[in-house]
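Trainee: Structure file query-v7.cif, mmCIF, C-alpha atoms, is pasted below:
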data_coords
#
loop_
_atom_site.label_atom_id
_atom_site.label_comp_id
_atom_site.auth_asym_id
_atom_site.auth_seq_id
_atom_site.Cartn_x
_atom_site.Cartn_y
_atom_site.Cartn_z
CA MET J 5 -44.81 96.94 4.22
CA VAL J 6 -42.38 95.26 1.80
CA LYS J 7 -42.51 91.48 1.51
CA THR J 8 -41.19 88.98 -1.04
CA VAL J 9 -43.67 86.24 -2.00
CA THR J 10 -44.37 83.75 -4.80
CA LEU J 11 -47.68 84.27 -6.64
CA THR J 12 -49.52 83.00 -9.72
CA ILE J 13 -50.99 85.42 -12.28
CA LYS J 14 -54.73 84.77 -12.41
CA ARG J 15 -55.86 87.44 -14.87
CA MET J 16 -54.65 90.43 -16.89
CA GLY J 17 -55.29 94.11 -16.31
CA ASN J 18 -56.08 96.82 -18.86
CA ASP J 19 -52.54 98.24 -18.86
CA GLY J 20 -50.63 95.05 -19.60
CA GLU J 21 -50.14 94.16 -15.95
CA GLY J 22 -50.61 90.69 -14.53
CA ILE J 23 -52.93 90.36 -11.53
CA ALA J 24 -52.29 87.90 -8.72
CA PHE J 25 -53.87 87.68 -5.26
CA TYR J 26 -52.32 88.04 -1.83
CA GLN J 27 -54.51 87.64 1.27
CA ASN J 28 -57.53 87.75 -1.09
CA LYS J 29 -56.52 91.17 -2.40
CA PRO J 30 -55.30 91.87 -5.97
CA VAL J 31 -51.63 92.52 -6.60
CA TYR J 32 -50.78 94.37 -9.84
CA ILE J 33 -47.53 93.16 -11.40
CA TYR J 34 -46.11 94.71 -14.56
CA TYR J 35 -44.14 92.53 -17.00
CA ALA J 36 -45.89 89.34 -15.77
CA PHE J 37 -48.36 87.35 -17.87
CA LEU J 38 -51.32 85.04 -17.39
CA ASN J 39 -50.68 81.75 -15.51
CA GLU J 40 -47.05 82.58 -14.76
CA GLU J 41 -45.64 81.79 -11.32
CA VAL J 42 -43.56 84.77 -10.23
CA LYS J 43 -41.54 85.97 -7.29
CA VAL J 44 -42.44 89.55 -6.44
CA GLU J 45 -41.71 92.18 -3.86
CA ILE J 46 -45.08 93.41 -2.59
CA ARG J 47 -45.68 96.96 -1.44
CA ARG J 48 -48.66 99.27 -1.09
CA ASN J 49 -48.86 102.31 -3.34
CA LYS J 50 -50.15 105.74 -2.31
CA ARG J 51 -53.76 104.57 -2.82
CA GLY J 52 -53.25 101.58 -0.56
CA VAL J 53 -53.32 99.10 -3.45
CA TYR J 54 -50.85 96.21 -3.59
CA GLU J 55 -48.22 96.43 -6.32
CA GLY J 56 -45.67 93.72 -7.00
CA VAL J 57 -42.16 94.43 -8.28
CA LEU J 58 -41.20 91.48 -10.45
CA LYS J 59 -38.05 89.78 -9.16
CA GLU J 60 -38.12 86.42 -10.93
CA VAL J 61 -40.30 84.48 -13.35
CA ILE J 62 -40.33 80.99 -11.88
CA THR J 63 -42.70 79.37 -14.39
CA PRO J 64 -42.79 81.41 -17.62
CA SER J 65 -45.73 81.54 -20.01
CA GLU J 66 -45.39 79.75 -23.35
CA HIS J 67 -45.89 83.19 -24.89
CA ARG J 68 -42.95 84.83 -23.10
CA ILE J 69 -39.95 85.80 -25.23
CA PRO J 70 -36.50 87.16 -24.29
CA VAL J 71 -36.09 90.94 -24.01
CA SER J 72 -32.79 92.47 -25.09
CA TRP J 73 -33.58 96.18 -24.64
CA PRO J 74 -31.57 97.16 -21.54
CA TYR J 75 -34.09 99.71 -20.22
CA TYR J 76 -37.11 97.44 -20.09
CA GLU J 77 -38.88 97.41 -16.70
CA LEU J 78 -37.30 100.80 -15.95
CA SER J 79 -38.83 102.85 -18.74
CA GLY J 80 -42.55 103.50 -18.89
CA SER J 81 -42.50 103.73 -22.69
CA VAL J 82 -43.11 100.04 -23.48
CA ASN J 83 -44.54 97.19 -21.42
CA LEU J 84 -45.34 94.21 -23.69
CA MET J 85 -41.88 93.37 -25.05
CA HIS J 86 -41.91 90.11 -23.09
CA LEU J 87 -44.83 88.73 -25.18
CA ASN J 88 -44.63 87.25 -28.65
CA TYR J 89 -46.40 89.47 -31.17
CA LEU J 90 -49.37 87.23 -31.90
CA GLU J 91 -50.21 86.98 -28.19
CA ALA J 92 -49.84 90.76 -27.81
CA LEU J 93 -52.43 91.19 -30.57
CA ASN J 94 -54.72 88.68 -28.87
CA TYR J 95 -54.32 90.52 -25.56
CA LYS J 96 -55.40 93.83 -27.11
CA ARG J 97 -58.53 92.25 -28.54
CA PHE J 98 -59.18 90.51 -25.22
CA ILE J 99 -59.20 93.84 -23.33
CA ILE J 100 -62.01 95.17 -25.52
CA LYS J 101 -63.86 91.83 -25.55
CA ARG J 102 -63.93 91.67 -21.74
CA LEU J 103 -65.22 95.23 -21.43
CA LEU J 104 -67.90 94.58 -24.06
CA GLU J 105 -69.13 91.44 -22.30
CA ARG J 106 -69.37 93.25 -18.99
CA ARG J 107 -71.06 96.45 -20.11
CA ILE J 108 -72.65 96.20 -23.57
CA LYS J 109 -75.88 94.24 -23.83
CA ASP J 110 -75.92 93.91 -27.64
CA LYS J 111 -73.84 91.33 -29.46
CA VAL J 112 -70.91 93.01 -31.20
CA ASP J 113 -68.94 91.95 -34.27
CA LEU J 114 -65.50 92.30 -32.67
CA ARG J 115 -62.82 91.60 -35.25
CA ARG J 116 -59.23 90.55 -34.86
CA THR J 117 -56.57 93.11 -34.06
CA VAL J 118 -55.02 94.55 -37.22
CA PRO J 119 -51.25 94.03 -36.89
CA SER J 120 -48.66 96.71 -37.50
CA GLU J 121 -46.28 96.15 -40.39
CA LYS J 122 -43.48 97.35 -38.12
CA THR J 123 -43.24 95.94 -34.59
CA SER J 124 -40.41 98.24 -33.56
CA HIS J 125 -39.05 101.56 -34.89
CA TYR J 126 -42.52 102.55 -36.06
CA ARG J 127 -43.11 106.00 -34.51
CA ASN J 128 -42.90 108.87 -37.00
CA LYS J 129 -42.76 111.42 -34.16
CA THR J 130 -41.27 111.47 -30.69
CA GLU J 131 -40.96 113.89 -27.79
CA LEU J 132 -37.73 113.14 -25.94
CA PRO J 133 -36.60 114.79 -22.72
CA LEU J 134 -32.85 115.37 -22.59
CA ILE J 135 -30.39 114.81 -19.77
CA TYR J 136 -26.84 116.05 -19.12
CA PHE J 137 -24.98 113.23 -17.42
CA GLU J 138 -21.28 112.96 -16.58
CA GLY J 139 -20.26 115.61 -19.09
CA LYS J 140 -22.41 114.46 -22.03
CA ASN J 141 -25.92 115.00 -23.36
CA TYR J 142 -28.30 112.09 -23.91
CA PRO J 143 -31.91 111.43 -24.81
CA ALA J 144 -33.87 110.34 -21.75
CA HIS J 145 -36.94 108.37 -20.73
CA TYR J 146 -39.22 108.72 -17.74
CA GLN J 147 -39.15 105.96 -15.18
CA ARG J 148 -42.47 104.12 -15.12
CA GLY J 149 -44.93 105.89 -12.82
CA SER J 150 -42.49 108.70 -12.10
CA ASN J 151 -41.40 112.14 -13.30
CA GLN J 152 -37.74 111.12 -12.90
CA ILE J 153 -35.70 110.73 -16.08
CA PHE J 154 -32.68 108.59 -16.93
CA LYS J 155 -30.33 108.49 -19.91
CA VAL J 156 -31.09 106.17 -22.83
CA GLU J 157 -28.49 105.19 -25.41
CA GLU J 158 -30.73 102.86 -27.43
CA LEU J 159 -34.19 103.88 -28.68
CA ILE J 160 -36.67 101.14 -29.58
CA VAL J 161 -39.93 102.56 -30.99
CA GLU J 162 -38.74 105.59 -32.99
CA GLU J 163 -38.09 105.32 -36.72
CA GLU J 164 -34.42 104.90 -37.64
CA SER J 165 -34.12 108.35 -39.21
CA ILE J 166 -35.20 109.90 -35.90
CA ILE J 167 -32.67 107.82 -33.94
CA LYS J 168 -29.86 108.93 -36.25
CA ALA J 169 -30.84 112.60 -35.89
CA VAL J 170 -31.03 112.38 -32.07
CA LYS J 171 -27.45 111.10 -31.95
CA GLU J 172 -26.33 113.93 -34.23
CA VAL J 173 -28.09 116.57 -32.15
CA THR J 174 -26.72 115.42 -28.80
CA ALA J 175 -23.18 115.15 -30.24
CA LEU J 176 -23.39 118.75 -31.45
CA MET J 177 -24.79 119.87 -28.11
CA ASP J 178 -21.66 118.41 -26.54
CA LYS J 179 -19.45 120.16 -29.10
CA TYR J 180 -21.06 123.59 -28.63
CA GLN J 181 -21.48 123.12 -24.86
CA ILE J 182 -25.23 123.71 -25.07
CA ASN J 183 -26.55 121.33 -22.46
CA ALA J 184 -29.84 119.74 -21.47
CA TYR J 185 -31.80 121.76 -18.93
CA ASN J 186 -31.72 120.46 -15.36
CA PHE J 187 -34.90 121.34 -13.48
CA LYS J 188 -33.21 120.90 -10.08
CA THR J 189 -30.08 122.95 -10.65
CA LYS J 190 -31.74 125.27 -13.20
CA ARG J 191 -28.69 124.92 -15.43
CA GLY J 192 -28.60 124.13 -19.14
CA ALA J 193 -30.88 125.27 -21.94
CA ILE J 194 -32.64 122.54 -23.98
CA ALA J 195 -35.40 120.70 -22.10
CA SER J 196 -36.49 118.34 -24.86
CA LEU J 197 -36.44 117.49 -28.54
CA SER J 198 -39.40 116.88 -30.81
CA LEU J 199 -38.62 115.03 -34.03
CA ARG J 200 -40.97 114.01 -36.82
CA THR J 201 -40.15 112.14 -40.03
CA ASN J 202 -41.92 111.11 -43.23
CA GLN J 203 -41.69 108.25 -45.71
CA LYS J 204 -38.71 109.89 -47.41
CA GLU J 205 -36.93 110.02 -44.03
CA GLU J 206 -37.04 113.82 -44.14
CA LEU J 207 -37.11 115.38 -40.70
CA GLN J 208 -38.60 118.27 -38.79
CA ILE J 209 -36.86 118.98 -35.48
CA THR J 210 -38.03 121.28 -32.69
CA PHE J 211 -35.76 122.33 -29.82
CA LEU J 212 -37.75 123.14 -26.70
CA THR J 213 -35.63 125.61 -24.73
CA LYS J 214 -36.24 126.69 -21.16
CA VAL J 215 -33.86 129.65 -21.49
CA LYS J 216 -33.22 131.93 -24.44
CA ILE J 217 -30.25 130.73 -26.46
CA ASP J 218 -28.90 131.14 -29.97
CA LEU J 219 -28.91 127.74 -31.72
CA LYS J 220 -28.04 128.95 -35.23
CA GLU J 221 -24.42 127.74 -35.27
CA LEU J 222 -25.38 124.29 -33.97
CA VAL J 223 -28.33 124.05 -36.37
CA ASN J 224 -26.30 125.14 -39.38
CA GLU J 225 -23.79 122.35 -38.78
CA LEU J 226 -26.60 119.86 -38.06
CA VAL J 227 -28.38 120.59 -41.33
CA GLY J 228 -25.09 120.70 -43.20
CA ASN J 229 -24.25 117.20 -41.99
CA ASN J 230 -27.72 115.69 -42.52
CA LYS J 231 -29.50 116.84 -45.68
CA LYS J 232 -32.63 114.94 -44.62
CA ILE J 233 -33.30 117.58 -41.94
CA ILE J 234 -35.47 120.03 -43.87
CA SER J 235 -37.20 121.96 -41.08
CA VAL J 236 -35.87 123.19 -37.71
CA TYR J 237 -37.83 125.11 -35.08
CA GLN J 238 -37.10 126.51 -31.65
CA ASN J 239 -39.88 126.66 -29.08
CA TYR J 240 -38.86 128.95 -26.23
CA VAL J 241 -41.03 128.13 -23.20
CA PRO J 242 -39.65 129.82 -20.06
CA ASN J 243 -42.48 128.43 -17.90
CA PHE J 244 -42.15 124.86 -19.22
CA LYS J 245 -42.91 122.09 -16.72
CA THR J 246 -44.96 119.53 -18.68
CA ASN J 247 -46.02 119.04 -22.30
CA ARG J 248 -49.23 120.92 -21.52
CA ASP J 249 -47.09 124.07 -21.53
CA LEU J 250 -45.86 123.63 -25.12
CA TYR J 251 -48.41 125.99 -26.65
CA SER J 252 -47.55 128.86 -24.29
CA GLY J 253 -44.07 129.33 -25.76
CA LYS J 254 -42.68 131.27 -28.69
CA LEU J 255 -42.35 128.93 -31.67
CA GLU J 256 -39.89 130.15 -34.31
CA LEU J 257 -38.69 128.60 -37.57
CA ILE J 258 -34.90 128.93 -37.47
CA LYS J 259 -33.84 126.87 -40.50
CA GLY J 260 -35.35 125.32 -43.60
CA GLU J 261 -38.94 124.72 -44.66
CA LYS J 262 -42.05 125.66 -42.73
CA TYR J 263 -43.72 122.31 -43.36
CA LEU J 264 -42.84 118.63 -43.23
CA PRO J 265 -44.95 116.85 -45.90
CA ILE J 266 -46.43 113.39 -45.34
CA VAL J 267 -48.20 111.60 -48.20
CA LEU J 268 -50.92 108.99 -47.68
CA SER J 269 -52.76 107.38 -50.59
CA GLY J 270 -51.96 110.37 -52.79
CA TYR J 271 -53.07 113.00 -50.26
CA GLN J 272 -50.41 115.41 -49.05
CA PHE J 273 -50.46 116.71 -45.46
CA TYR J 274 -48.23 119.61 -44.51
CA LEU J 275 -47.24 119.64 -40.86
CA THR J 276 -45.80 122.19 -38.47
CA PRO J 277 -44.69 121.16 -34.95
CA PHE J 278 -48.01 121.61 -33.13
CA SER J 279 -50.13 119.63 -35.61
CA PHE J 280 -51.40 116.21 -34.53
CA PHE J 281 -50.86 113.35 -36.95
CA GLN J 282 -51.13 109.63 -36.23
CA LEU J 283 -47.77 108.33 -34.99
CA ASN J 284 -47.78 105.08 -36.97
CA THR J 285 -48.01 106.14 -40.62
CA LEU J 286 -48.68 102.71 -42.13
CA GLN J 287 -51.44 101.92 -39.63
CA ALA J 288 -52.99 105.36 -40.13
CA ASN J 289 -53.29 104.71 -43.85
CA LYS J 290 -54.98 101.36 -43.17
CA ILE J 291 -57.56 102.79 -40.79
CA TYR J 292 -58.40 105.72 -43.10
CA GLN J 293 -58.92 103.28 -45.97
CA THR J 294 -61.22 101.26 -43.71
CA ILE J 295 -63.28 104.36 -42.97
CA VAL J 296 -63.76 104.99 -46.70
CA LYS J 297 -64.58 101.35 -47.39
CA GLU J 298 -67.00 100.71 -44.52
CA GLY J 299 -68.39 104.19 -43.86
CA ASN J 300 -71.37 103.82 -46.26
CA PHE J 301 -70.80 107.34 -47.56
CA LYS J 302 -73.22 108.80 -50.09
CA LYS J 303 -72.81 111.72 -52.46
CA ASP J 304 -75.43 113.82 -50.63
CA ASP J 305 -73.99 113.17 -47.12
CA VAL J 306 -72.98 116.05 -44.89
CA VAL J 307 -70.29 114.76 -42.54
CA LEU J 308 -68.84 116.07 -39.30
CA GLU J 309 -65.28 115.24 -38.26
CA ALA J 310 -64.42 116.37 -34.73
CA TYR J 311 -60.91 116.43 -33.24
CA SER J 312 -59.67 116.48 -36.82
CA GLY J 313 -55.98 117.38 -36.45
CA VAL J 314 -54.75 118.29 -39.94
CA GLY J 315 -57.87 116.82 -41.52
CA ALA J 316 -56.53 113.47 -42.70
CA ILE J 317 -59.88 111.70 -42.32
CA ALA J 318 -61.77 114.66 -43.79
CA SER J 319 -59.50 114.52 -46.83
CA PHE J 320 -60.00 110.79 -47.36
CA VAL J 321 -63.78 111.09 -47.01
CA SER J 322 -64.37 114.31 -48.96
CA PRO J 323 -64.46 112.83 -52.51
CA TYR J 324 -67.37 110.57 -51.53
CA VAL J 325 -69.69 113.10 -49.86
CA LYS J 326 -71.31 116.48 -50.39
CA LYS J 327 -69.55 118.31 -47.55
CA VAL J 328 -67.29 117.72 -44.53
CA VAL J 329 -67.14 120.04 -41.52
CA ALA J 330 -63.82 119.54 -39.68
CA VAL J 331 -63.45 120.89 -36.14
CA GLU J 332 -60.06 121.22 -34.42
CA GLU J 333 -59.02 123.10 -31.29
CA VAL J 334 -55.34 123.79 -32.09
CA LYS J 335 -55.11 126.82 -34.36
CA ALA J 336 -51.78 125.76 -35.87
CA ALA J 337 -53.31 122.42 -36.90
CA VAL J 338 -56.25 124.21 -38.55
CA ASN J 339 -53.83 126.43 -40.47
CA ASP J 340 -51.97 123.32 -41.64
CA MET J 341 -55.29 121.65 -42.53
CA ASN J 342 -56.35 124.63 -44.65
CA TYR J 343 -53.00 124.65 -46.45
CA SER J 344 -53.15 120.87 -47.05
CA LEU J 345 -56.72 121.03 -48.33
CA LYS J 346 -55.73 123.75 -50.77
CA LYS J 347 -52.74 121.76 -52.01
CA ASN J 348 -54.94 118.67 -52.44
CA LYS J 349 -57.60 120.75 -54.25
CA LEU J 350 -60.34 119.62 -51.87
CA ASN J 351 -63.03 122.30 -51.90
CA ASN J 352 -65.87 120.68 -49.95
CA VAL J 353 -64.24 120.70 -46.48
CA LYS J 354 -65.11 123.55 -44.12
CA THR J 355 -62.77 124.00 -41.16
CA ILE J 356 -63.72 125.40 -37.74
CA THR J 357 -61.27 126.30 -34.98
CA GLY J 358 -62.32 125.64 -31.40
CA ASP J 359 -63.06 123.16 -28.63
CA PHE J 360 -65.76 120.89 -30.04
CA LYS J 361 -67.50 120.54 -26.67
CA LYS J 362 -67.94 124.32 -26.51
CA LEU J 363 -68.87 124.73 -30.17
CA ILE J 364 -71.70 122.19 -30.17
CA LYS J 365 -74.40 124.70 -29.24
CA TYR J 366 -73.45 126.84 -32.23
CA LEU J 367 -73.64 124.06 -34.82
CA LYS J 368 -76.69 124.62 -37.00
CA THR J 369 -75.95 121.97 -39.62
CA SER J 370 -77.69 118.60 -39.51
CA PHE J 371 -75.14 115.84 -40.11
CA ASP J 372 -75.78 112.49 -41.77
CA LYS J 373 -72.61 110.94 -40.36
CA VAL J 374 -70.17 111.99 -37.66
CA ILE J 375 -66.56 110.89 -37.18
CA PHE J 376 -64.73 111.21 -33.86
CA ASP J 377 -61.12 110.68 -32.85
CA PRO J 378 -61.23 112.13 -29.32
CA PRO J 379 -58.53 112.28 -26.62
CA ARG J 380 -58.33 109.59 -23.93
CA GLU J 381 -61.23 111.04 -21.96
CA GLY J 382 -63.60 110.02 -24.75
CA LEU J 383 -66.60 111.97 -26.00
CA THR J 384 -67.78 113.40 -22.63
CA LYS J 385 -71.39 113.97 -21.59
CA VAL J 386 -71.99 117.13 -23.61
CA VAL J 387 -71.02 115.39 -26.87
CA LEU J 388 -73.05 112.29 -26.05
CA ASP J 389 -76.08 114.45 -25.26
CA TYR J 390 -75.63 116.20 -28.61
CA LEU J 391 -75.55 112.88 -30.48
CA LEU J 392 -78.59 111.47 -28.69
CA LYS J 393 -80.48 114.66 -29.43
CA THR J 394 -79.54 115.15 -33.11
CA LEU J 395 -79.33 111.41 -33.99
CA PRO J 396 -77.01 111.31 -37.03
CA LYS J 397 -77.57 108.21 -39.13
CA GLU J 398 -74.13 106.78 -38.47
CA ILE J 399 -71.22 107.33 -36.09
CA ILE J 400 -67.61 106.36 -36.74
CA TYR J 401 -65.62 106.36 -33.50
CA LEU J 402 -61.83 106.06 -33.40
CA SER J 403 -60.66 105.46 -29.85
CA CYS J 404 -57.31 105.34 -28.05
CA ASN J 405 -58.83 104.26 -24.73
CA PRO J 406 -61.07 101.15 -24.42
CA LEU J 407 -62.37 102.25 -21.00
CA SER J 408 -63.79 105.59 -22.14
CA LEU J 409 -64.94 104.00 -25.42
CA ILE J 410 -67.06 101.40 -23.64
CA ASP J 411 -68.48 104.06 -21.29
CA ASP J 412 -69.59 106.04 -24.33
CA LEU J 413 -70.98 103.03 -26.20
CA LYS J 414 -73.00 102.02 -23.14
CA LEU J 415 -74.96 105.27 -23.47
CA LEU J 416 -75.09 105.31 -27.26
CA GLN J 417 -76.52 101.79 -27.46
CA GLU J 418 -79.91 103.19 -26.43
CA LYS J 419 -80.26 104.58 -29.94
CA TYR J 420 -77.45 102.98 -31.92
CA GLN J 421 -76.48 99.50 -33.03
CA ILE J 422 -72.77 98.68 -33.10
CA ARG J 423 -72.11 97.44 -36.64
CA SER J 424 -68.53 96.39 -36.03
CA MET J 425 -65.47 97.05 -33.89
CA THR J 426 -61.85 96.48 -34.90
CA PRO J 427 -58.76 96.91 -32.70
CA TYR J 428 -55.65 98.27 -34.44
CA ASP J 429 -52.13 97.87 -33.15
CA PHE J 430 -50.80 101.40 -33.57
CA PHE J 431 -48.27 100.98 -30.75
CA PRO J 432 -46.49 97.60 -30.78
CA LEU J 433 -44.57 96.64 -27.62
CA THR J 434 -47.08 98.61 -25.54
CA SER J 435 -50.48 97.83 -24.05
CA GLN J 436 -52.10 100.80 -25.81
CA VAL J 437 -55.18 99.79 -27.80
CA GLU J 438 -56.55 101.80 -30.71
CA SER J 439 -59.83 100.79 -32.31
CA ILE J 440 -62.49 101.85 -34.78
CA THR J 441 -66.20 101.33 -34.14
CA PHE J 442 -69.00 101.77 -36.69
CA LEU J 443 -72.48 102.51 -35.30
CA LYS J 444 -75.79 103.00 -37.07
CA LEU J 445 -79.10 104.40 -35.86
CA LYS J 446 -81.55 101.71 -34.76
#
If you took the structure in this file and wrote it as structure tokens, what would it be?
Mentor:
Amino acid sequence: MVKTVTLTIKRMGNDGEGIAFYQNKPVYIYYAFLNEEVKVEIRRNKRGVYEGVLKEVITPSEHRIPVSWPYYELSGSVNLMHLNYLEALNYKRFIIKRLLERRIKDKVDLRRTVPSEKTSHYRNKTELPLIYFEGKNYPAHYQRGSNQIFKVEELIVEEESIIKAVKEVTALMDKYQINAYNFKTKRGAIASLSLRTNQKEELQITFLTKVKIDLKELVNELVGNNKKIISVYQNYVPNFKTNRDLYSGKLELIKGEKYLPIVLSGYQFYLTPFSFFQLNTLQANKIYQTIVKEGNFKKDDVVLEAYSGVGAIASFVSPYVKKVVAVEEVKAAVNDMNYSLKKNKLNNVKTITGDFKKLIKYLKTSFDKVIFDPPREGLTKVVLDYLLKTLPKEIIYLSCNPLSLIDDLKLLQEKYQIRSMTPYDFFPLTSQVESITFLKLK
């Protein structure tokens, strides 16, 4: 069924979508906002749920602003460009507030969303698929809700140094006739680019290749033209289908330095391609400073940091406590963490490599405070059981998913009081909500 109707947005969903009602059933409409009257094309998705394709905004919200990016509503990368920034911040706080009111019985000090200093061109790292189209190579985006890609000639969230380097890379690919890999025709070589930059606009670039190919001539000219590119890797992944396959390839440094350094508040972090680091550098520094300021750390505290990446939080916390145990699953990230800790002369951080959920039963240390920055799935039952059994005095929980966060807090509130919760806008122009929650034992 496809039908064009006029509807009014009655409420907002958790992913930035407006929700209207048709025949008493919800219709989910991306790029529409509260109280707007919109003309939409209704269809049922694979789950039988109504979705509305926005055709016209008849009565726009007072918060709606013009969008100039030509790929909006096609790309799945951003979905709040049509809102003014203040209202986007309010929306992100509202998502958490609504979930708290529905599921958490205790009153919570929910603070205002901390704005990003940059509202576009803020990402210090990007993973871009590539596409060969009409004789030229381009960066690409995925269509929203699809695995189909399309060419993009204007990037909106990546830092400017990354955008410049992408243009240089694709131009040299054209020159050397080394093309983007096409998964249908099985032609071409380079499936995607990973680019990361620091405050000095220095760059680390990784070519993900689906077939074996010599990139040295291209890379030599690239680095010769752009002195800011200090580190170039090739990751050969013959079985590549999704980003989950990245770690199964052969990663090789083909030019320049092993590490890209990033400095925050005097701490130096040395990164190789597989190391996780927060994608909005300025916001990361703010939230780490908040952890130090509000974490109530004492000199005799033994602290656990799980899902630690390269140990940024562990580094910030270590001068204020007796010991930090940092657990990270990706071996390359642990290697980078050890190197960074050595360079920063931090001697009271012990690193452990492994999946935290599987390592829990082997942890013999009693922790005064624990710090988590888990993936979107949240802490999971095994971690929650561990916390409710060992009862550390305080928990600091960084979250990238309000739904899993509230699920976890619902169980933790049996033993813990939520001291405060603060949303952070790490990803302007998107509906993604980061937050930090401080809990203390009742």
Trainee: Report as JSON, numbers by chain the residues that result from applying the PyMOL selection byres ((chain J and resi 375-383) around 7) to the structure here.
Mentor: {"J": [308, 309, 310, 311, 373, 374, 384, 385, 387, 388, 399, 400, 401, 402, 403, 404, 405, 408, 409, 412]}
Trainee: Name the residues that the PyMOL selection byres ((chain J and resi 61-75) around 7) pulls out of this structure, and write them as a VMD selection string.
Mentor: chain J and resid 37 39 to 43 60 76 to 79 85 to 88 91
Trainee: Determine the residue membership of the PyMOL selection byres ((chain J and resi 415-425) around 6) for the file above and supply it as a VMD selection string.
Mentor: chain J and resid 113 to 114 412 to 414 426 440 to 446
Trainee: Since we have the selection now, will you write its residues out, keeping C-alpha atoms, as a PDB file, in the frame of the given file?
Mentor:
ATOM      1  CA  ASP J 113     -68.940  91.950 -34.270  1.00  0.00           C
ATOM      2  CA  LEU J 114     -65.500  92.300 -32.670  1.00  0.00           C
ATOM      3  CA  ASP J 412     -69.590 106.040 -24.330  1.00  0.00           C
ATOM      4  CA  LEU J 413     -70.980 103.030 -26.200  1.00  0.00           C
ATOM      5  CA  LYS J 414     -73.000 102.020 -23.140  1.00  0.00           C
ATOM      6  CA  THR J 426     -61.850  96.480 -34.900  1.00  0.00           C
ATOM      7  CA  ILE J 440     -62.490 101.850 -34.780  1.00  0.00           C
ATOM      8  CA  THR J 441     -66.200 101.330 -34.140  1.00  0.00           C
ATOM      9  CA  PHE J 442     -69.000 101.770 -36.690  1.00  0.00           C
ATOM     10  CA  LEU J 443     -72.480 102.510 -35.300  1.00  0.00           C
ATOM     11  CA  LYS J 444     -75.790 103.000 -37.070  1.00  0.00           C
ATOM     12  CA  LEU J 445     -79.100 104.400 -35.860  1.00  0.00           C
ATOM     13  CA  LYS J 446     -81.550 101.710 -34.760  1.00  0.00           C
TER      14      LYS J 446
END
Trainee: Pick from J:Ile209, J:Val82, J:Leu250, J:Ala169: nearest to Tyr35 in chain J, with only C-alpha atoms counted?
Mentor: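 Smallest distance to Tyr35 in chain J is found for J:Val82.
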Trainee: If I take CA of Arg107 in chain J and CA of Leu391 in chain J, how far is one from the other in Å, to one decimal?
Mentor: 19.9 Å
Trainee: Pick the closest to Thr294 in chain J from J:Val307, J:Val321, J:Phe187, J:Tyr126: which is it, counting only C-alpha atoms?
Mentor: J:Val321
Trainee: May I have the protein, DNA and RNA residues with an atom at most 10 Å from (-44.4, 95.3, -7.6), counting only C-alpha atoms in the file's coordinates, returned as JSON, numbers by chain?
Mentor: {"J": [6, 8, 31, 32, 33, 34, 35, 43, 44, 45, 46, 47, 48, 49, 54, 55, 56, 57, 58, 59]}
Trainee: Fewer than 4 positions away in the same chain doesn't count, so skip those; otherwise give me all residues within 12 Å of Phe430 in chain J, counting all atoms listed in the file, as a compact mmCIF listing (two decimals) with C-alpha atoms, in the frame of the given file.
Mentor:
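To be explicit, this is the file written out as selection.txt:
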# COMPACT_ATOMS: atom_id res chain seq x y z
CA LEU J 93 -52.43 91.19 -30.57
CA LYS J 96 -55.40 93.83 -27.11
CA THR J 117 -56.57 93.11 -34.06
CA VAL J 118 -55.02 94.55 -37.22
CA PRO J 119 -51.25 94.03 -36.89
CA SER J 120 -48.66 96.71 -37.50
CA GLU J 121 -46.28 96.15 -40.39
CA LYS J 122 -43.48 97.35 -38.12
CA THR J 123 -43.24 95.94 -34.59
CA SER J 124 -40.41 98.24 -33.56
CA HIS J 125 -39.05 101.56 -34.89
CA TYR J 126 -42.52 102.55 -36.06
CA ARG J 127 -43.11 106.00 -34.51
CA ASN J 128 -42.90 108.87 -37.00
CA VAL J 161 -39.93 102.56 -30.99
CA GLN J 282 -51.13 109.63 -36.23
CA LEU J 283 -47.77 108.33 -34.99
CA ASN J 284 -47.78 105.08 -36.97
CA THR J 285 -48.01 106.14 -40.62
CA LEU J 286 -48.68 102.71 -42.13
CA GLN J 287 -51.44 101.92 -39.63
CA ALA J 288 -52.99 105.36 -40.13
CA ASN J 289 -53.29 104.71 -43.85
CA LYS J 290 -54.98 101.36 -43.17
CA ILE J 291 -57.56 102.79 -40.79
CA LEU J 402 -61.83 106.06 -33.40
CA SER J 403 -60.66 105.46 -29.85
CA CYS J 404 -57.31 105.34 -28.05
CA THR J 434 -47.08 98.61 -25.54
CA SER J 435 -50.48 97.83 -24.05
CA GLN J 436 -52.10 100.80 -25.81
CA VAL J 437 -55.18 99.79 -27.80
CA GLU J 438 -56.55 101.80 -30.71
CA SER J 439 -59.83 100.79 -32.31
CA ILE J 440 -62.49 101.85 -34.78
Trainee: Compile the contact shell of Lys326 in chain J as a PyMOL selection string: residues with an atom at most 9 Å away, counting only C-alpha atoms, same-chain residues fewer than 2 positions apart removed.
Mentor: chain J and resi 302-307+322-324+328+352
Trainee: Mind writing the picked residues with C-alpha atoms as a short mmCIF file (atom, residue, chain, number, x, y, z; two decimals), in the coordinates of the input?
Mentor:
data_model
loop_
_atom_site.label_atom_id
_atom_site.label_comp_id
_atom_site.auth_asym_id
_atom_site.auth_seq_id
_atom_site.Cartn_x
_atom_site.Cartn_y
_atom_site.Cartn_z
CA LYS J 302 -73.22 108.80 -50.09
CA LYS J 303 -72.81 111.72 -52.46
CA ASP J 304 -75.43 113.82 -50.63
CA ASP J 305 -73.99 113.17 -47.12
CA VAL J 306 -72.98 116.05 -44.89
CA VAL J 307 -70.29 114.76 -42.54
CA SER J 322 -64.37 114.31 -48.96
CA PRO J 323 -64.46 112.83 -52.51
CA TYR J 324 -67.37 110.57 -51.53
CA VAL J 328 -67.29 117.72 -44.53
CA ASN J 352 -65.87 120.68 -49.95
#
